[in-house]
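Colleague: Contents are mmCIF, C-alpha atoms and all ligand atoms; file name model35.cif:
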```cif
data_start
loop_
_atom_site.label_atom_id
_atom_site.label_comp_id
_atom_site.auth_asym_id
_atom_site.auth_seq_id
_atom_site.Cartn_x
_atom_site.Cartn_y
_atom_site.Cartn_z
CA MET A 28 149.18 148.78 135.01
CA LEU A 29 152.61 147.57 133.90
CA GLU A 30 153.29 146.18 137.32
CA GLU A 31 149.94 144.55 137.39
CA LEU A 32 150.70 142.83 134.10
CA GLN A 33 154.00 141.53 135.43
CA GLU A 34 152.19 140.17 138.49
CA LEU A 35 149.59 138.50 136.29
CA ARG A 36 152.27 136.96 134.13
CA LYS A 37 153.96 135.43 137.16
CA GLN A 38 150.68 134.14 138.43
CA LEU A 39 149.66 132.54 135.13
CA ASP A 40 153.13 131.06 134.66
CA ALA A 41 152.89 129.48 138.06
CA GLU A 42 149.47 128.05 137.31
CA LEU A 43 150.66 126.60 134.02
CA GLN A 44 153.67 125.17 135.75
CA ALA A 45 151.43 123.26 138.14
CA ILE A 46 149.21 121.72 135.47
CA THR A 47 149.52 117.94 135.13
CA SER A 48 146.40 116.85 133.26
CA LEU A 49 144.27 117.84 130.29
CA ARG A 50 141.45 118.37 132.72
CA GLU A 51 143.42 121.00 134.68
CA LEU A 52 144.53 122.59 131.45
CA GLU A 53 140.94 122.94 130.34
CA ASP A 54 140.08 124.60 133.68
CA PHE A 55 142.90 127.03 133.07
CA ARG A 56 141.57 127.85 129.61
CA LEU A 57 138.08 128.43 130.95
CA ARG A 58 139.35 130.78 133.65
CA HIS A 59 141.74 132.87 131.63
CA LEU A 60 141.57 132.43 127.87
CA VAL A 61 137.89 132.49 126.94
CA ARG A 62 135.87 135.53 125.85
CA ARG A 63 135.13 136.71 129.40
CA GLY A 64 138.30 135.29 130.93
CA THR A 65 141.09 137.08 132.77
CA LEU A 66 143.04 138.10 129.66
CA ALA A 67 139.93 139.49 127.97
CA GLN A 68 139.13 141.54 131.06
CA VAL A 69 142.65 142.98 131.16
CA ARG A 70 142.39 143.92 127.50
CA GLU A 71 139.08 145.66 128.22
CA ARG A 72 140.74 147.79 130.89
CA PHE A 73 143.62 148.50 128.53
CA ARG A 74 141.17 150.01 126.05
CA GLN A 75 140.16 152.59 128.62
CA LEU A 76 143.73 153.79 129.35
CA PRO A 77 144.73 157.32 128.36
CA ALA A 78 146.21 157.33 124.86
CA GLU A 79 149.77 158.21 125.95
CA GLN A 80 150.04 155.04 128.09
CA LYS A 81 148.80 152.71 125.41
CA PRO A 82 151.98 152.06 123.35
CA VAL A 83 154.06 150.86 126.30
CA VAL A 84 151.35 148.93 128.11
CA GLY A 85 150.06 147.56 124.79
CA ARG A 86 153.44 146.05 123.94
CA GLU A 87 153.61 144.43 127.38
CA LEU A 88 150.05 143.11 127.16
CA HIS A 89 150.64 141.68 123.71
CA ALA A 90 153.82 139.94 124.86
CA LEU A 91 151.96 138.52 127.87
CA GLU A 92 149.13 137.14 125.74
CA GLU A 93 151.52 135.61 123.23
CA ALA A 94 153.64 133.98 125.88
CA ILE A 95 150.68 132.49 127.75
CA ARG A 96 149.01 131.13 124.62
CA GLN A 97 152.25 129.64 123.43
CA ARG A 98 152.86 127.87 126.72
CA TYR A 99 149.28 126.78 126.82
CA ASN A 100 149.65 125.15 123.37
CA GLU A 101 152.92 123.47 124.27
CA ILE A 102 151.50 121.98 127.43
CA ARG A 103 148.41 120.84 125.63
CA GLN A 104 150.42 119.07 122.95
CA ARG A 105 152.60 117.39 125.50
CA LEU A 106 149.65 116.18 127.57
CA GLU A 107 147.76 114.89 124.52
CA THR A 108 150.73 112.92 123.29
CA GLN A 109 151.16 111.46 126.76
CA ALA A 110 147.52 110.44 126.91
CA GLU A 111 147.80 108.70 123.56
CA GLU A 112 150.94 106.88 124.52
CA GLN A 113 149.34 105.67 127.70
CA LEU A 114 146.44 104.31 125.67
CA THR A 115 148.56 102.38 123.21
CA VAL A 116 151.04 100.81 125.58
CA ASP A 117 148.79 99.46 128.33
CA LEU A 118 149.84 95.84 128.03
CA SER A 119 147.78 94.85 131.04
CA LEU A 120 144.47 95.33 129.19
CA PRO A 121 142.72 92.13 128.10
CA GLY A 122 142.76 91.42 124.36
CA ARG A 123 139.89 92.61 122.23
CA ARG A 124 137.49 89.82 121.40
CA PHE A 125 136.42 89.46 117.80
CA PHE A 126 133.77 87.28 116.27
CA LEU A 127 134.13 85.16 113.20
CA GLY A 128 131.03 85.28 111.05
CA GLY A 129 129.10 82.08 110.49
CA ARG A 130 126.67 80.70 107.97
CA HIS A 131 123.01 81.33 108.69
CA PRO A 132 121.02 78.26 109.89
CA ILE A 133 118.98 78.30 106.67
CA GLU A 134 122.18 78.16 104.61
CA GLN A 135 123.52 75.32 106.74
CA VAL A 136 120.37 73.25 106.45
CA LEU A 137 120.30 73.90 102.71
CA ALA A 138 123.93 72.80 102.40
CA ASP A 139 123.05 69.52 104.15
CA ILE A 140 120.03 68.92 101.91
CA VAL A 141 122.07 69.65 98.78
CA SER A 142 124.85 67.34 99.92
CA ILE A 143 122.45 64.44 100.61
CA PHE A 144 120.65 64.74 97.27
CA THR A 145 123.73 65.34 95.13
CA ARG A 146 125.18 62.10 96.53
CA MET A 147 122.01 60.42 95.24
CA GLY A 148 122.65 61.77 91.74
CA PHE A 149 120.56 64.95 91.80
CA CYS A 150 121.80 68.21 90.32
CA VAL A 151 120.91 71.66 91.68
CA ALA A 152 118.78 74.03 89.60
CA GLU A 153 117.25 77.43 90.21
CA GLY A 154 114.41 79.54 88.87
CA PRO A 155 113.26 83.17 89.11
CA ASP A 156 111.51 84.61 92.20
CA ILE A 157 109.26 86.70 89.95
CA GLU A 158 107.12 84.26 88.01
CA ASP A 159 104.11 84.32 85.74
CA ASP A 160 100.73 82.74 86.35
CA GLU A 161 101.52 80.17 83.66
CA HIS A 162 104.49 78.62 85.50
CA ASN A 163 103.28 79.16 89.07
CA PHE A 164 99.71 77.88 88.55
CA THR A 165 98.32 77.10 85.13
CA ALA A 166 100.96 74.68 83.84
CA LEU A 167 100.95 73.00 87.27
CA ASN A 168 97.33 72.05 86.73
CA PHE A 169 95.75 74.52 89.14
CA PRO A 170 92.13 74.96 88.10
CA PRO A 171 91.14 78.62 87.53
CA GLU A 172 89.08 78.76 90.71
CA HIS A 173 91.67 77.08 92.95
CA PRO A 174 91.91 78.87 96.32
CA ALA A 175 95.71 79.09 96.14
CA ARG A 176 95.25 81.71 93.42
CA ASP A 177 93.33 83.97 95.77
CA MET A 178 94.55 87.44 96.57
CA GLN A 179 95.17 86.27 100.13
CA ASP A 180 97.89 83.85 99.19
CA THR A 181 99.69 85.49 96.33
CA PHE A 182 101.65 88.70 95.98
CA PHE A 183 100.84 89.93 92.50
CA VAL A 184 103.30 92.15 90.67
CA THR A 185 100.99 93.39 87.91
CA PRO A 186 97.32 94.45 88.25
CA ASP A 187 96.20 91.80 85.73
CA ARG A 188 97.67 89.18 88.13
CA GLN A 189 99.73 87.58 85.39
CA ILE A 190 103.08 88.39 87.02
CA LEU A 191 103.58 87.40 90.65
CA LEU A 192 106.07 86.41 93.33
CA ARG A 193 106.25 82.62 93.21
CA THR A 194 104.28 80.97 95.99
CA HIS A 195 106.32 77.76 95.79
CA THR A 196 109.36 76.33 93.99
CA SER A 197 107.19 73.99 91.88
CA PRO A 198 107.12 76.34 88.82
CA VAL A 199 110.77 75.39 88.28
CA GLN A 200 109.50 71.86 87.50
CA ILE A 201 107.91 73.29 84.35
CA ARG A 202 111.05 75.25 83.46
CA LEU A 203 113.20 72.12 83.86
CA MET A 204 110.90 69.90 81.76
CA ARG A 205 110.80 72.52 79.03
CA THR A 206 114.58 72.98 78.86
CA LEU A 207 116.28 69.72 79.88
CA PRO A 208 115.87 66.47 77.97
CA PRO A 209 115.02 63.61 80.40
CA PRO A 210 116.27 61.90 82.46
CA ILE A 211 115.90 64.76 84.93
CA ARG A 212 117.05 64.45 88.53
CA ALA A 213 117.13 67.89 90.12
CA ILE A 214 116.57 69.68 93.38
CA VAL A 215 115.61 73.34 93.37
CA PRO A 216 116.26 75.47 96.45
CA GLY A 217 114.77 78.92 96.53
CA ARG A 218 112.87 81.72 98.18
CA VAL A 219 109.08 81.74 98.03
CA TYR A 220 106.45 84.32 98.98
CA ARG A 221 102.97 84.16 100.42
CA ASN A 222 100.63 86.95 101.36
CA GLU A 223 100.24 85.66 104.88
CA GLU A 224 100.06 87.13 108.32
CA ILE A 225 103.41 86.84 110.05
CA ASN A 226 103.08 84.73 113.20
CA PRO A 227 105.04 82.05 115.09
CA ARG A 228 104.26 79.46 112.39
CA SER A 229 104.43 81.41 109.13
CA LEU A 230 106.36 84.13 107.35
CA ALA A 231 105.48 85.98 104.16
CA GLU A 232 108.90 85.10 102.73
CA PHE A 233 110.54 81.74 103.32
CA HIS A 234 112.47 78.93 101.59
CA GLN A 235 111.66 75.64 99.95
CA VAL A 236 113.52 72.86 98.22
CA GLU A 237 111.76 71.22 95.31
CA GLY A 238 112.72 67.84 93.91
CA LEU A 239 111.94 66.53 90.44
CA VAL A 240 112.74 63.22 88.78
CA VAL A 241 111.55 62.46 85.25
CA ASP A 242 112.56 59.30 83.42
CA ARG A 243 111.20 56.48 81.26
CA THR A 244 111.00 54.29 84.31
CA THR A 245 110.43 55.50 87.79
CA SER A 246 107.86 54.71 90.44
CA PHE A 247 106.15 55.65 93.64
CA ALA A 248 108.44 53.09 95.29
CA GLU A 249 111.46 55.02 94.06
CA LEU A 250 109.94 58.26 95.38
CA LYS A 251 109.47 56.68 98.81
CA GLY A 252 112.95 55.15 98.78
CA THR A 253 114.50 58.50 97.90
CA LEU A 254 112.69 60.37 100.67
CA VAL A 255 113.37 57.64 103.25
CA ALA A 256 117.07 57.74 102.37
CA PHE A 257 116.96 61.53 102.79
CA VAL A 258 115.22 61.37 106.18
CA GLN A 259 117.64 58.77 107.51
CA GLN A 260 120.65 60.90 106.59
CA MET A 261 119.09 64.13 107.78
CA TYR A 262 117.54 62.93 111.05
CA GLY A 263 119.32 59.66 111.78
CA PRO A 264 118.88 56.04 110.60
CA GLN A 265 116.38 55.18 113.34
CA THR A 266 113.94 57.95 112.48
CA ALA A 267 110.37 56.63 112.23
CA TYR A 268 108.34 57.94 109.29
CA ARG A 269 105.00 57.51 107.58
CA PHE A 270 103.35 58.49 104.31
CA ARG A 271 99.79 59.86 104.26
CA PRO A 272 97.61 60.26 101.17
CA SER A 273 97.15 63.92 100.26
CA PHE A 274 96.23 66.20 97.39
CA PHE A 275 98.19 68.53 95.15
CA PRO A 276 96.96 69.63 91.70
CA PHE A 277 100.30 68.79 90.09
CA THR A 278 100.76 65.24 91.44
CA GLU A 279 98.67 62.09 91.25
CA PRO A 280 98.73 60.20 93.48
CA SER A 281 99.89 62.68 96.13
CA ALA A 282 101.21 62.10 99.62
CA GLU A 283 102.70 63.84 102.61
CA MET A 284 105.58 62.47 104.60
CA ASP A 285 105.75 62.71 108.38
CA ILE A 286 108.58 61.87 110.74
CA ARG A 287 108.33 61.07 114.44
CA CYS A 288 108.48 64.30 116.39
CA VAL A 289 112.18 64.88 117.07
CA LEU A 290 111.36 66.83 120.23
CA CYS A 291 109.01 64.51 122.14
CA ARG A 292 109.86 61.27 120.28
CA GLY A 293 106.19 60.64 119.66
CA GLU A 294 104.82 61.38 123.13
CA GLY A 295 103.00 64.47 121.89
CA CYS A 296 104.16 68.05 122.51
CA ARG A 297 103.48 71.63 121.55
CA VAL A 298 105.56 71.47 118.38
CA CYS A 299 103.79 68.40 116.94
CA LYS A 300 100.50 69.63 118.40
CA GLY A 301 100.14 66.47 120.45
CA SER A 302 100.17 64.13 117.45
CA GLY A 303 103.70 62.79 117.82
CA TRP A 304 104.32 63.36 114.09
CA LEU A 305 105.77 66.22 112.07
CA GLU A 306 104.95 66.83 108.44
CA ILE A 307 108.17 67.39 106.53
CA CYS A 308 107.23 67.32 102.86
CA GLY A 309 104.63 67.01 100.15
CA CYS A 310 105.22 64.62 97.26
CA GLY A 311 103.68 62.54 94.52
CA MET A 312 103.88 61.24 90.97
CA VAL A 313 103.96 64.08 88.45
CA HIS A 314 100.45 64.52 87.03
CA PRO A 315 100.20 63.51 83.34
CA ALA A 316 98.78 66.97 82.53
CA VAL A 317 101.88 68.56 84.09
CA LEU A 318 104.22 66.35 82.04
CA ARG A 319 102.27 67.39 78.94
CA ASN A 320 102.52 71.08 79.94
CA GLY A 321 106.25 70.52 80.31
CA GLY A 322 106.39 69.31 76.71
CA LEU A 323 106.78 65.63 77.59
CA ASP A 324 104.65 62.68 76.50
CA PRO A 325 103.07 61.05 79.59
CA GLU A 326 102.92 57.76 77.65
CA THR A 327 106.73 57.76 77.47
CA TYR A 328 107.76 59.51 80.67
CA LEU A 329 106.99 59.19 84.35
CA GLY A 330 108.04 61.48 87.12
CA PHE A 331 107.95 62.08 90.82
CA ALA A 332 108.29 65.31 92.75
CA PHE A 333 108.55 66.55 96.30
CA GLY A 334 108.76 69.85 98.10
CA MET A 335 109.82 70.82 101.60
CA GLY A 336 110.16 73.96 103.70
CA ILE A 337 113.68 74.76 104.88
CA GLU A 338 112.67 76.93 107.86
CA ARG A 339 110.70 74.00 109.27
CA ILE A 340 113.79 71.81 109.28
CA ALA A 341 115.96 74.52 110.83
CA MET A 342 113.36 75.04 113.57
CA LEU A 343 113.34 71.34 114.40
CA ARG A 344 117.11 71.25 114.71
CA LEU A 345 117.12 74.11 117.19
CA ALA A 346 113.81 73.14 118.84
CA LEU A 347 112.53 76.64 118.09
CA ASP A 348 108.82 77.14 118.56
CA ASP A 349 108.70 80.46 116.69
CA ILE A 350 109.83 80.73 113.07
CA ARG A 351 110.56 84.44 113.48
CA LEU A 352 113.49 83.65 115.79
CA LEU A 353 115.44 82.54 112.71
CA TYR A 354 115.44 86.07 111.32
CA LEU A 355 116.11 88.16 114.44
CA ASN A 356 119.87 87.91 113.78
CA ASP A 357 120.28 87.36 117.51
CA LEU A 358 123.71 85.82 118.05
CA ARG A 359 122.43 83.88 121.05
CA ILE A 360 120.24 81.92 118.66
CA LEU A 361 122.51 81.79 115.62
CA GLN A 362 125.50 80.55 117.62
CA GLN A 363 123.62 77.48 118.83
CA PHE A 364 123.53 76.13 115.33
CA ARG A 365 126.04 73.35 114.59
N1 LIG B 401 104.45 73.12 96.13
C1 LIG B 401 103.89 72.56 97.36
C2 LIG B 401 103.68 73.67 98.38
O1 LIG B 401 104.24 74.70 98.26
C3 LIG B 401 104.79 71.52 97.93
C4 LIG B 401 104.87 70.31 97.08
C5 LIG B 401 103.98 69.27 97.27
C6 LIG B 401 105.82 70.20 96.08
C7 LIG B 401 104.04 68.13 96.48
C8 LIG B 401 105.89 69.06 95.29
C9 LIG B 401 104.97 68.02 95.49
O2 LIG B 401 106.77 68.91 94.32
O3 LIG B 401 105.04 66.90 94.72
O4 LIG B 401 102.95 73.50 99.29
#
```
As structure tokens - that is how I would like this structure written.
Ligand code: DAH
Modeller:
Amino acid sequence: MLEELQELRKQLDAELQAITSLRELEDFRLRHLVRRGTLAQVRERFRQLPAEQKPVVGRELHALEEAIRQRYNEIRQRLETQAEEQLTVDLSLPGRRFFLGGRHPIEQVLADIVSIFTRMGFCVAEGPDIEDDEHNFTALNFPPEHPARDMQDTFFVTPDRQILLRTHTSPVQIRLMRTLPPPIRAIVPGRVYRNEEINPRSLAEFHQVEGLVVDRTTSFAELKGTLVAFVQQMYGPQTAYRFRPSFFPFTEPSAEMDIRCVLCRGEGCRVCKGSGWLEICGCGMVHPAVLRNGGLDPETYLGFAFGMGIERIAMLRLALDDIRLLYLNDLRILQQFR
């Protein structure tokens, strides 16, 4: 058996000598070093030798195993280091591309709106997303049976329906009137919530910007002038617009503002539903009851207000026909912005 061991040692040495890759080394390990490999088989036969042969053969076998494992480890280390070096010094590889993050379209549109209104003397205010019925509805002159209070529209936080997720940014009007002495000139960006089916035109969570002006003298003319100035900066000086009479519980009179469809320029398309016009905001003179609920005397003060959806504006800029595209976080969409 001694001779056989010497033969085996020569053979394994030769094999190791010839190895040039980690792949070949692994083949070697699988042939000889694993539980049923060559070395294990030799050791099995060794166990069956007569006792008097064991000391001499055992020493030889042990030396063989040690030597092979040691060489195996050396070769493995050498090959691994080589592989790593090859990886790190391949100067012919193209550089790795990295992406700079960008601001989300909603943030960009909001930044534009804020910049236009702050240049007109407005400040920026905020209010809480979780509101009470008082601020969201009652103080805004919503009659108790008004449909906007229905379960369908509002996410209630408490079973008595007194605490809710605000359905619009208008409740901040009340908070401003109750805390700031007039004159007030503020815009209020924020997130709003409606218990609505999610579809191409509506989300259950979206954004609005509210505007509120309260002073001793102001007028519907000033409201129109303010919104026209906004539209001309946001959509271009030539943008055609119109005001339509409308209804909101918290304004009287109330109106909605439309601009010429930016996609079809008035011809009629899918986005403007063939009308050639796009509604961009609701507005009106603050209702005397709302001024009173805000702690202000309607004989002394007048106000106007407006509210617009930010997603709408972002969709128009990108000519998106599905509001959900804004929240896919698909870079192909986000990168088109700006
Ligand atoms: N709060 C209204 C809504 O969510 C939008 C609105 C309309 C706000 C008229 C106003 C306003 O301030 O005067 O639909």
Colleague: Between A:Gly303, A:Pro174, A:Gly311, A:Pro280, which one has atoms that come closest to ligand LIG 401 (chain B), using only C-alpha atoms and all ligand atoms?
Modeller: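 Between A:Gly303, A:Pro174, A:Gly311, A:Pro280, the residue approaching ligand LIG 401 (chain B) most closely is A:Gly311.
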Colleague: Go through chain A residue by residue and, counting only C-alpha atoms and all ligand atoms, keep those with an atom at most 8 Å from ligand LIG 401 (chain B); for each kept residue give the shortest atom pair and its distance in Å to one decimal, ordered by chain and increasing number, as a Markdown table.
Modeller:
```
| residue | atom | partner | partner_atom | distance |
| --- | --- | --- | --- | --- |
| A:Thr194 | CA | B:LIG401 | O1 | 6.7 |
| A:His195 | CA | B:LIG401 | O1 | 4.4 |
| A:Thr196 | CA | B:LIG401 | N1 | 6.2 |
| A:Ser197 | CA | B:LIG401 | N1 | 5.1 |
| A:Gln200 | CA | B:LIG401 | O2 | 7.9 |
| A:Gln235 | CA | B:LIG401 | O1 | 7.7 |
| A:Glu237 | CA | B:LIG401 | O2 | 5.6 |
| A:Gly238 | CA | B:LIG401 | O2 | 6.1 |
| A:Leu239 | CA | B:LIG401 | O2 | 6.9 |
| A:Phe275 | CA | B:LIG401 | C7 | 6.0 |
| A:Phe277 | CA | B:LIG401 | O3 | 6.9 |
| A:Thr278 | CA | B:LIG401 | O3 | 5.6 |
| A:Ser281 | CA | B:LIG401 | O3 | 6.8 |
| A:Ala282 | CA | B:LIG401 | C7 | 7.4 |
| A:Glu283 | CA | B:LIG401 | C7 | 7.6 |
| A:Cys308 | CA | B:LIG401 | C5 | 6.8 |
| A:Gly309 | CA | B:LIG401 | C5 | 3.7 |
| A:Cys310 | CA | B:LIG401 | O3 | 3.4 |
| A:Gly311 | CA | B:LIG401 | O3 | 4.6 |
| A:Met312 | CA | B:LIG401 | O3 | 6.9 |
| A:Val313 | CA | B:LIG401 | O3 | 7.0 |
| A:Phe331 | CA | B:LIG401 | O3 | 6.8 |
| A:Ala332 | CA | B:LIG401 | O3 | 4.1 |
| A:Phe333 | CA | B:LIG401 | O2 | 3.6 |
| A:Gly334 | CA | B:LIG401 | C6 | 3.6 |
| A:Met335 | CA | B:LIG401 | C3 | 6.3 |
```
Colleague: Could you work out how far CA of Lys300 (chain A) lies from CA of Arg287 (chain A), giving the answer in Å with one decimal?
Modeller: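 Computed distance, CA of Arg287 (chain A) to CA of Lys300 (chain A), equals 12.3 Å.
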Colleague: To one decimal in Å, tell me the separation between CA of Ile140 (chain A) and CA of Pro208 (chain A).
Modeller: 24.4 Å
Colleague: If we count only C-alpha atoms, what is near region 101-108 of chain A at a cut-off of 10 Å, once residues fewer than 3 positions away on the same chain are taken out, given as number ranges by chain?
Modeller: A: 43-44, 46-50, 52-53, 95-98, 111-114
Colleague: Using Å and a single decimal, report how far CA of Asn226 (chain A) sits from CA of His131 (chain A).
Modeller: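 Interatomic distance, CA of His131 (chain A) to CA of Asn226 (chain A): 20.7 Å.
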Colleague: Work out where the centre of an axis-aligned box around every listed atom of region 226-243 of chain A lies and how long its edges are once 3 Å is added on each side; give both in Å to one decimal as AutoDock Vina command-line options.
Modeller:
```
--center_x 108.3 --center_y 71.2 --center_z 98.2 --size_x 16.4 --size_y 35.5 --size_z 39.8
```
Colleague: Taking into account all atoms listed in the file, which residue in the set A:Leu329, A:Leu60, A:Leu88, A:Ala267 is nearest to Arg74 (chain A)?
Modeller: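 So, comparing all the options, the nearest one is A:Leu88.
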